[in-house]
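Visitor: Have a look at the structure that comes next, please.
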Amino acid sequence: MLFGVTALFAIGGLLANHLHLVVLGYLLNGIWTILGVAIVVIFQPELRRVFAQAGSIFSSHNSNSSETIDEVVSAVV
């Protein structure tokens, strides 16, 4: 669905520019900013899940956290 909407706006923008429809081209070019914000709002739960999984991947490499904490404390001292 997202691909279809994006393709529709892109084709509409190109067609408006080709036919010299200035106002329609301006409106369709302004849609991209709104579409970017809408994607973040609509897919917020999925994006949160992806970032949580990415964070868990990076934190699982260091399973011995008490040893890491001791190393950081000794480095600071």
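Ligands are numbered from 1 in the order shown, residues from 1 within each chain, and chains are lettered A, B, ... in the order they appear in the structure tokens.
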Could you name the residues that touch A:Asn29 at 10 Å or less, counting only C-alpha atoms, but leaving out those on the same chain fewer than 2 positions away, as a ChimeraX atom specification?
Guide: /A:9-10,12-14,23-27,31-34
Visitor: If I take atom CA of A:Arg49 and atom CA of A:Gly36, how far is one from the other in Å, to one decimal?
Guide: 18.8 Å
Visitor: Looking at only C-alpha atoms, which of A:Ile42, A:Asp70, A:Leu21, A:Ala16 is the one that sits closest to A:Leu2?
Guide: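 Closest candidate: A:Ile42.
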